[in-house]
file entry-v5.txt (compact mmCIF, C-alpha atoms and all ligand atoms)
# COMPACT_ATOMS: atom_id res chain seq x y z
CA MET A 1 -32.21 20.07 90.96
CA GLU A 2 -33.48 23.64 91.02
CA THR A 3 -33.06 25.57 94.21
CA ILE A 4 -36.09 27.74 93.67
CA GLY A 5 -38.48 28.77 96.43
CA ARG A 6 -42.24 28.29 95.98
CA ASN A 7 -42.74 32.03 96.20
CA ASP A 8 -39.82 32.93 93.93
CA PRO A 9 -40.49 34.07 90.36
CA CYS A 10 -40.81 31.08 88.02
CA TRP A 11 -37.78 30.17 85.90
CA CYS A 12 -39.88 30.45 82.73
CA GLY A 13 -39.89 34.24 82.93
CA SER A 14 -43.68 34.54 83.24
CA GLY A 15 -43.28 36.79 86.30
CA LYS A 16 -45.64 34.49 88.23
CA LYS A 17 -44.74 32.79 91.49
CA TYR A 18 -43.10 29.42 90.98
CA LYS A 19 -45.81 27.60 92.96
CA LYS A 20 -48.47 29.04 90.61
CA CYS A 21 -46.49 28.42 87.45
CA HIS A 22 -44.08 25.54 86.68
CA CYS A 23 -43.90 23.94 90.14
CA HIS A 24 -46.24 21.07 89.24
CA PHE A 25 -44.55 20.80 85.89
CA ASP A 26 -41.18 20.29 87.55
CA GLU A 27 -42.59 17.62 89.84
CA LYS A 28 -43.89 15.73 86.83
CA LEU A 29 -40.61 16.19 84.99
CA HIS A 30 -38.71 14.92 88.01
CA GLU A 31 -41.00 11.90 88.27
CA MET A 32 -40.47 11.03 84.59
CA LYS A 33 -36.72 11.44 85.00
CA GLN A 34 -36.71 9.10 88.00
CA LYS A 35 -38.47 6.53 85.84
CA GLY A 36 -35.57 6.73 83.40
CA PHE A 37 -37.08 8.90 80.67
CA LEU A 38 -35.08 11.55 78.84
CA VAL A 39 -36.62 14.86 79.90
CA PRO A 40 -36.32 18.26 78.21
CA SER A 41 -34.23 20.93 79.87
CA HIS A 42 -35.98 24.13 80.94
CA LYS A 43 -34.53 26.03 78.01
CA PHE A 44 -36.76 24.04 75.64
CA ILE A 45 -39.89 25.28 77.40
CA LYS A 46 -41.47 28.44 76.01
CA ASN A 47 -43.48 30.83 78.17
CA GLN A 48 -46.76 32.49 77.12
CA GLU A 49 -45.09 35.64 75.82
CA GLN A 50 -42.69 33.63 73.66
CA ILE A 51 -45.50 31.40 72.41
CA GLU A 52 -47.49 34.46 71.41
CA GLY A 53 -44.49 35.83 69.50
CA ILE A 54 -43.88 32.53 67.75
CA ARG A 55 -47.59 32.29 66.88
CA LYS A 56 -47.40 35.66 65.11
CA SER A 57 -44.32 34.58 63.21
CA ALA A 58 -46.10 31.35 62.24
CA LYS A 59 -49.12 33.28 60.92
CA ILE A 60 -46.82 35.05 58.49
CA ASN A 61 -45.20 31.74 57.53
CA ILE A 62 -48.63 30.30 56.73
CA ALA A 63 -49.62 33.38 54.72
CA VAL A 64 -46.43 33.15 52.66
CA LEU A 65 -47.10 29.48 51.87
CA ASP A 66 -50.72 30.34 51.03
CA TYR A 67 -49.42 32.89 48.54
CA VAL A 68 -47.13 30.32 46.97
CA ALA A 69 -50.03 27.83 46.82
CA GLU A 70 -52.15 30.33 44.90
CA HIS A 71 -49.50 31.20 42.33
CA ILE A 72 -47.36 28.13 41.76
CA LYS A 73 -47.77 26.55 38.32
CA ALA A 74 -45.92 24.95 35.43
CA GLY A 75 -43.58 27.29 33.56
CA ILE A 76 -42.40 29.39 36.48
CA THR A 77 -38.86 29.16 37.85
CA THR A 78 -37.95 28.33 41.42
CA GLN A 79 -36.32 31.80 41.52
CA GLN A 80 -39.83 33.18 41.04
CA ILE A 81 -40.91 31.33 44.20
CA ASP A 82 -37.91 32.81 46.00
CA ASP A 83 -38.95 36.30 44.89
CA TRP A 84 -42.51 35.75 46.13
CA VAL A 85 -41.29 34.48 49.49
CA TYR A 86 -38.87 37.38 49.96
CA GLU A 87 -41.49 39.94 48.96
CA GLN A 88 -44.38 38.45 50.97
CA THR A 89 -42.22 38.01 54.07
CA THR A 90 -40.50 41.38 54.12
CA SER A 91 -43.68 43.28 53.27
CA GLN A 92 -45.07 41.99 56.58
CA GLY A 93 -42.05 43.24 58.50
CA ALA A 94 -40.47 39.79 58.76
CA ILE A 95 -37.25 38.19 57.53
CA PRO A 96 -36.89 34.93 55.59
CA ALA A 97 -34.90 32.74 58.02
CA PRO A 98 -33.02 30.74 55.33
CA LEU A 99 -31.43 33.84 53.77
CA ASN A 100 -27.71 33.73 54.66
CA TYR A 101 -28.38 30.98 57.20
CA GLU A 102 -25.08 29.11 57.38
CA GLY A 103 -24.36 30.47 53.93
CA PHE A 104 -27.68 29.47 52.32
CA PRO A 105 -28.01 31.96 49.45
CA LYS A 106 -31.80 32.26 49.06
CA SER A 107 -35.00 32.94 51.04
CA VAL A 108 -36.66 29.54 50.70
CA CYS A 109 -35.83 25.91 49.94
CA THR A 110 -37.40 24.43 46.80
CA SER A 111 -36.87 20.69 46.34
CA ILE A 112 -38.21 18.96 43.24
CA ASN A 113 -38.82 15.23 42.58
CA ASN A 114 -35.62 13.34 43.55
CA GLN A 115 -34.43 16.29 45.65
CA VAL A 116 -35.01 15.45 49.29
CA CYS A 117 -34.59 18.92 50.81
CA HIS A 118 -32.55 22.16 50.83
CA GLY A 119 -32.90 22.76 47.09
CA ILE A 120 -31.70 26.24 46.09
CA PRO A 121 -34.05 28.38 43.98
CA SER A 122 -32.63 29.26 40.58
CA ASP A 123 -33.50 31.07 37.35
CA ASP A 124 -32.46 27.88 35.56
CA ILE A 125 -34.99 25.58 37.22
CA VAL A 126 -38.37 25.68 35.50
CA LEU A 127 -41.35 23.82 36.98
CA GLU A 128 -42.77 21.26 34.61
CA GLU A 129 -46.09 19.48 34.47
CA GLY A 130 -45.74 16.27 36.48
CA ASP A 131 -43.23 17.65 39.00
CA ILE A 132 -43.71 17.40 42.72
CA ILE A 133 -42.07 20.15 44.73
CA ASN A 134 -41.52 20.92 48.38
CA VAL A 135 -41.50 24.60 49.31
CA ASP A 136 -39.98 25.07 52.76
CA VAL A 137 -40.63 28.48 54.29
CA SER A 138 -39.16 29.81 57.54
CA THR A 139 -39.78 33.22 59.05
CA ILE A 140 -38.20 35.44 61.68
CA TYR A 141 -40.60 38.00 63.17
CA HIS A 142 -39.47 40.19 66.06
CA GLY A 143 -36.84 37.55 66.79
CA TYR A 144 -39.28 34.62 66.81
CA PHE A 145 -38.89 31.74 64.37
CA SER A 146 -41.43 29.70 62.46
CA ASP A 147 -40.90 26.88 59.99
CA SER A 148 -43.22 24.82 57.80
CA SER A 149 -43.34 23.31 54.34
CA ARG A 150 -45.83 21.95 51.87
CA MET A 151 -45.78 19.81 48.74
CA PHE A 152 -47.25 20.99 45.48
CA CYS A 153 -48.18 18.84 42.51
CA ILE A 154 -47.57 20.69 39.24
CA GLY A 155 -50.38 19.98 36.81
CA GLU A 156 -51.13 16.32 36.15
CA VAL A 157 -48.81 14.17 38.27
CA SER A 158 -48.34 10.39 38.02
CA PRO A 159 -50.47 8.32 40.44
CA GLU A 160 -47.26 7.02 42.06
CA LYS A 161 -45.96 10.49 42.88
CA LYS A 162 -49.39 11.67 43.95
CA LYS A 163 -49.66 8.79 46.38
CA LEU A 164 -46.21 9.55 47.80
CA VAL A 165 -47.27 13.15 48.44
CA GLU A 166 -50.53 12.10 50.07
CA VAL A 167 -49.06 9.35 52.22
CA THR A 168 -46.32 11.70 53.45
CA LYS A 169 -48.99 14.15 54.58
CA GLU A 170 -50.80 11.32 56.35
CA CYS A 171 -47.51 10.43 58.07
CA VAL A 172 -47.34 13.92 59.54
CA GLU A 173 -50.97 13.77 60.62
CA LEU A 174 -50.49 10.40 62.30
CA GLY A 175 -47.37 11.68 64.04
CA LEU A 176 -49.29 14.72 65.22
CA LYS A 177 -51.90 12.51 66.88
CA GLN A 178 -49.13 11.20 69.13
CA VAL A 179 -48.21 14.66 70.37
CA LYS A 180 -49.41 14.94 73.95
CA PRO A 181 -47.96 16.22 77.21
CA TRP A 182 -45.75 13.62 78.88
CA GLY A 183 -45.77 11.42 75.79
CA LEU A 184 -42.53 10.49 74.03
CA LEU A 185 -41.04 11.78 70.81
CA GLY A 186 -40.37 8.16 69.84
CA ASP A 187 -44.11 7.41 69.88
CA MET A 188 -44.57 10.19 67.35
CA GLY A 189 -41.59 9.08 65.25
CA GLN A 190 -42.70 5.49 65.08
CA ALA A 191 -46.22 6.47 64.00
CA VAL A 192 -44.66 8.38 61.08
CA HIS A 193 -42.32 5.57 60.14
CA ASP A 194 -44.93 2.80 60.42
CA HIS A 195 -47.26 4.52 57.96
CA ALA A 196 -44.48 5.16 55.46
CA LYS A 197 -43.31 1.52 55.68
CA ALA A 198 -46.87 0.20 55.37
CA ASN A 199 -46.99 1.96 51.99
CA GLY A 200 -43.66 0.57 50.83
CA TYR A 201 -41.73 3.78 51.41
CA THR A 202 -38.63 4.63 53.43
CA VAL A 203 -37.90 7.54 55.75
CA VAL A 204 -34.67 9.52 55.65
CA ARG A 205 -32.62 8.85 58.77
CA GLU A 206 -29.90 11.49 58.72
CA ILE A 207 -32.08 14.60 58.55
CA GLY A 208 -35.07 15.28 60.77
CA GLY A 209 -36.98 17.85 62.73
CA HIS A 210 -35.95 20.16 65.50
CA GLY A 211 -37.00 22.45 68.28
CA VAL A 212 -37.79 25.92 66.91
CA GLY A 213 -38.96 29.29 68.18
CA LEU A 214 -36.18 31.33 69.76
CA GLU A 215 -33.72 29.98 67.17
CA PHE A 216 -34.17 28.43 63.74
CA HIS A 217 -32.87 25.05 64.85
CA GLU A 218 -32.95 24.20 68.54
CA ASP A 219 -32.61 20.93 70.40
CA PRO A 220 -33.99 18.34 70.45
CA TYR A 221 -33.29 16.64 67.14
CA VAL A 222 -36.54 14.98 66.09
CA SER A 223 -36.20 11.66 64.30
CA TYR A 224 -38.91 9.85 62.31
CA VAL A 225 -37.21 6.50 62.48
CA SER A 226 -37.40 6.49 66.27
CA GLN A 227 -39.20 3.94 68.40
CA LYS A 228 -42.26 3.89 70.56
CA GLY A 229 -41.38 4.05 74.25
CA HIS A 230 -38.12 5.86 73.51
CA GLY A 231 -36.90 9.39 73.00
CA MET A 232 -37.43 12.63 74.83
CA VAL A 233 -40.52 13.38 76.88
CA MET A 234 -42.83 15.95 75.25
CA ALA A 235 -43.62 18.58 77.87
CA PRO A 236 -46.12 21.45 77.63
CA GLY A 237 -44.41 24.53 76.19
CA MET A 238 -42.12 22.59 73.86
CA ILE A 239 -42.25 23.60 70.20
CA PHE A 240 -40.81 21.40 67.47
CA THR A 241 -41.33 20.42 63.85
CA ILE A 242 -42.73 17.25 62.35
CA GLU A 243 -41.10 17.10 58.92
CA PRO A 244 -40.35 13.60 57.68
CA MET A 245 -38.71 13.12 54.31
CA VAL A 246 -40.35 10.08 52.76
CA ASN A 247 -38.69 8.32 49.82
CA MET A 248 -40.32 6.11 47.21
CA GLY A 249 -37.17 4.01 46.97
CA THR A 250 -34.08 3.79 49.11
CA ASP A 251 -33.64 5.91 52.22
CA LYS A 252 -30.05 6.61 51.15
CA ILE A 253 -29.28 10.22 50.28
CA PHE A 254 -26.36 12.38 49.21
CA VAL A 255 -25.52 16.08 49.21
CA ASP A 256 -24.75 17.95 45.98
CA GLU A 257 -20.97 18.28 45.82
CA PHE A 258 -21.11 21.57 43.94
CA ASP A 259 -23.65 23.65 45.86
CA ASP A 260 -23.12 21.76 49.16
CA TRP A 261 -26.84 22.11 50.01
CA THR A 262 -29.21 20.19 47.78
CA VAL A 263 -29.93 16.72 49.13
CA TYR A 264 -30.85 13.98 46.61
CA THR A 265 -32.08 10.42 46.83
CA GLU A 266 -29.28 8.03 45.95
CA ASP A 267 -31.49 6.06 43.54
CA ASP A 268 -33.01 9.17 41.87
CA MET A 269 -36.51 8.13 42.96
CA PRO A 270 -38.90 10.81 44.20
CA SER A 271 -38.99 12.10 47.77
CA ALA A 272 -41.71 14.07 49.55
CA GLN A 273 -41.85 16.14 52.72
CA TRP A 274 -44.44 18.09 54.64
CA GLU A 275 -43.54 20.10 57.69
CA ILE A 276 -45.63 21.42 60.54
CA GLN A 277 -44.58 23.35 63.62
CA VAL A 278 -46.33 22.13 66.73
CA LEU A 279 -46.67 23.31 70.34
CA VAL A 280 -47.19 20.78 73.11
CA THR A 281 -50.06 22.06 75.28
CA GLU A 282 -51.53 21.03 78.65
CA ASP A 283 -54.07 18.82 76.95
CA GLY A 284 -52.57 17.93 73.58
CA TYR A 285 -51.10 20.09 70.86
CA GLU A 286 -51.56 23.25 68.83
CA VAL A 287 -50.38 23.38 65.23
CA LEU A 288 -48.61 26.72 64.88
CA ALA A 289 -47.48 26.55 61.25
CA TYR A 290 -48.32 24.21 58.38
N1 LIG B 301 -36.39 24.90 56.64
C1 LIG B 301 -35.49 23.80 56.84
C2 LIG B 301 -36.01 23.00 58.00
O1 LIG B 301 -37.11 22.60 57.92
C3 LIG B 301 -34.09 24.26 57.08
C4 LIG B 301 -33.49 24.84 55.92
S1 LIG B 301 -31.93 25.40 56.28
C5 LIG B 301 -31.64 26.39 54.97
O2 LIG B 301 -35.40 22.78 58.99
F1 LIG B 301 -30.58 27.05 55.23
F2 LIG B 301 -31.52 25.63 53.92
F3 LIG B 301 -32.65 27.19 54.83
CO CO B 302 -37.63 22.51 59.92
call {"tool": "encode", "arguments": {"input": "entry-v5.txt", "output": "structure tokens"}}
result
Amino acid sequence: METIGRNDPCWCGSGKKYKKCHCHFDEKLHEMKQKGFLVPSHKFIKNQEQIEGIRKSAKINIAVLDYVAEHIKAGITTQQIDDWVYEQTTSQGAIPAPLNYEGFPKSVCTSINNQVCHGIPSDDIVLEEGDIINVDVSTIYHGYFSDSSRMFCIGEVSPEKKKLVEVTKECVELGLKQVKPWGLLGDMGQAVHDHAKANGYTVVREIGGHGVGLEFHEDPYVSYVSQKGHGMVMAPGMIFTIEPMVNMGTDKIFVDEFDDWTVYTEDDMPSAQWEIQVLVTEDGYEVLAY
């Protein structure tokens, strides 16, 4: 337990007195812990100044994805998308978070059709009519991280693929509805999974979401095959992503043995993903990036 006096400065760094800041919060956290729930550690809780910084980063992330949305079309290469992302991000004084992240060579992930995630932009990959593509953008602005991704349908897409893209978006929206202070991450995860299953789809188990804000990938790991009543407590000030990868066929995946990044579905069937970055608030949630 904390040994912090009621009149001491709060641990969150707000500069306010503990009793006027996270004192109540800690009581609630303690109560949940006593009941046996997994509670977040203080380092997962962002203060107002950090939230404001992350919000600004997220605004840039959204603007970059808006730019991609306006320009993406059949005939362009995924390298072209990478160029746009680099240019749009740096021109706003920000840095693309993927660039050189654990050796990732580009500024954005572009994952087409049977690619699940972490596709590497290339001059050799040309978008074709009928493709579905995930563009996953992450931004660092004044040290604050944002992360979100969208799907794009290139020209006329088969009804099956279109449905996969739409249902995956609904999965994220249904998960989002479960985000509330003192709720559980498992409630959110199950809502995502249930909707995917109800449509005959599977959800990737090995890769999920994450805390984000002061780092690109922070704890906790956020699963979308988790169960209601389980998982970490969502406390106000937590920021994490909802980014399920939904597969039309098997949930089994593999990593490209040559580039060591691109993740594919084992059965070559299409996969879709949308990602939002969400803040848990006192009375619900705020979507920071989408
Ligand atoms: N943006 C991805 C995510 O949603 C992470 C990509 S890691 C990278 O978590 F290195 F490939 F960029
Ligand atoms: Co993410």
call {"tool": "residues_around", "arguments": {"input": "entry-v5.txt", "residues": "A:Val135", "least_positions_apart": "2", "cutoff": "6 Å", "atoms": "only C-alpha atoms", "output": "PyMOL selection string"}}
result
chain A and resi 109-110+149-150
call {"tool": "residues_near_ligand", "arguments": {"input": "entry-v5.txt", "ligand": "ligand CO 302 (chain B)", "cutoff": "7 Å", "atoms": "all atoms listed in the file", "output": "PyMOL selection string"}}
result
chain A and resi 147-148+209-210+241+243+275
call {"tool": "atom_distance", "arguments": {"input": "entry-v5.txt", "atom1": "atom CA of A:Asp131", "atom2": "atom CA of A:Glu266"}}
result
18.3 Å
call {"tool": "atom_distance", "arguments": {"input": "entry-v5.txt", "atom1": "atom CA of A:Ser271", "atom2": "atom CA of A:Leu164"}}
result
7.7 Å
call {"tool": "residues_near_ligand", "arguments": {"input": "entry-v5.txt", "ligand": "ligand LIG 301 (chain B)", "cutoff": "10 Å", "atoms": "only C-alpha atoms and all ligand atoms", "output": "ChimeraX atom specification"}}
result
/A:96-110,117-120,135-139,146-149,207-212,216-218,241-244,261-262,273-277
call {"tool": "closest_residue", "arguments": {"input": "entry-v5.txt", "among": "A:Phe25, A:Phe152, A:Phe145, A:Phe37", "to": "A:Ile72", "atoms": "only C-alpha atoms"}}
result
A:Phe152
call {"tool": "closest_atom_pairs", "arguments": {"input": "entry-v5.txt", "of": "stretch 38-111 of chain A", "to": "stretch 185-196 of chain A", "cutoff": "12 Å", "atoms": "all atoms listed in the file", "output": "CSV"}}
result
residue,atom,partner,partner_atom,distance
A:Leu38,CA,A:Leu185,CA,10.0
A:Val39,CA,A:Leu185,CA,10.6
A:Pro40,CA,A:Leu185,CA,10.9
call {"tool": "closest_residue", "arguments": {"input": "entry-v5.txt", "among": "A:Ser226, A:Ser14, A:Asn114, A:Thr89", "to": "A:Val203", "atoms": "all atoms listed in the file"}}
result
A:Ser226
call {"tool": "atom_distance", "arguments": {"input": "entry-v5.txt", "atom1": "atom CA of A:Glu166", "atom2": "atom CA of A:Gln80"}}
result
25.3 Å
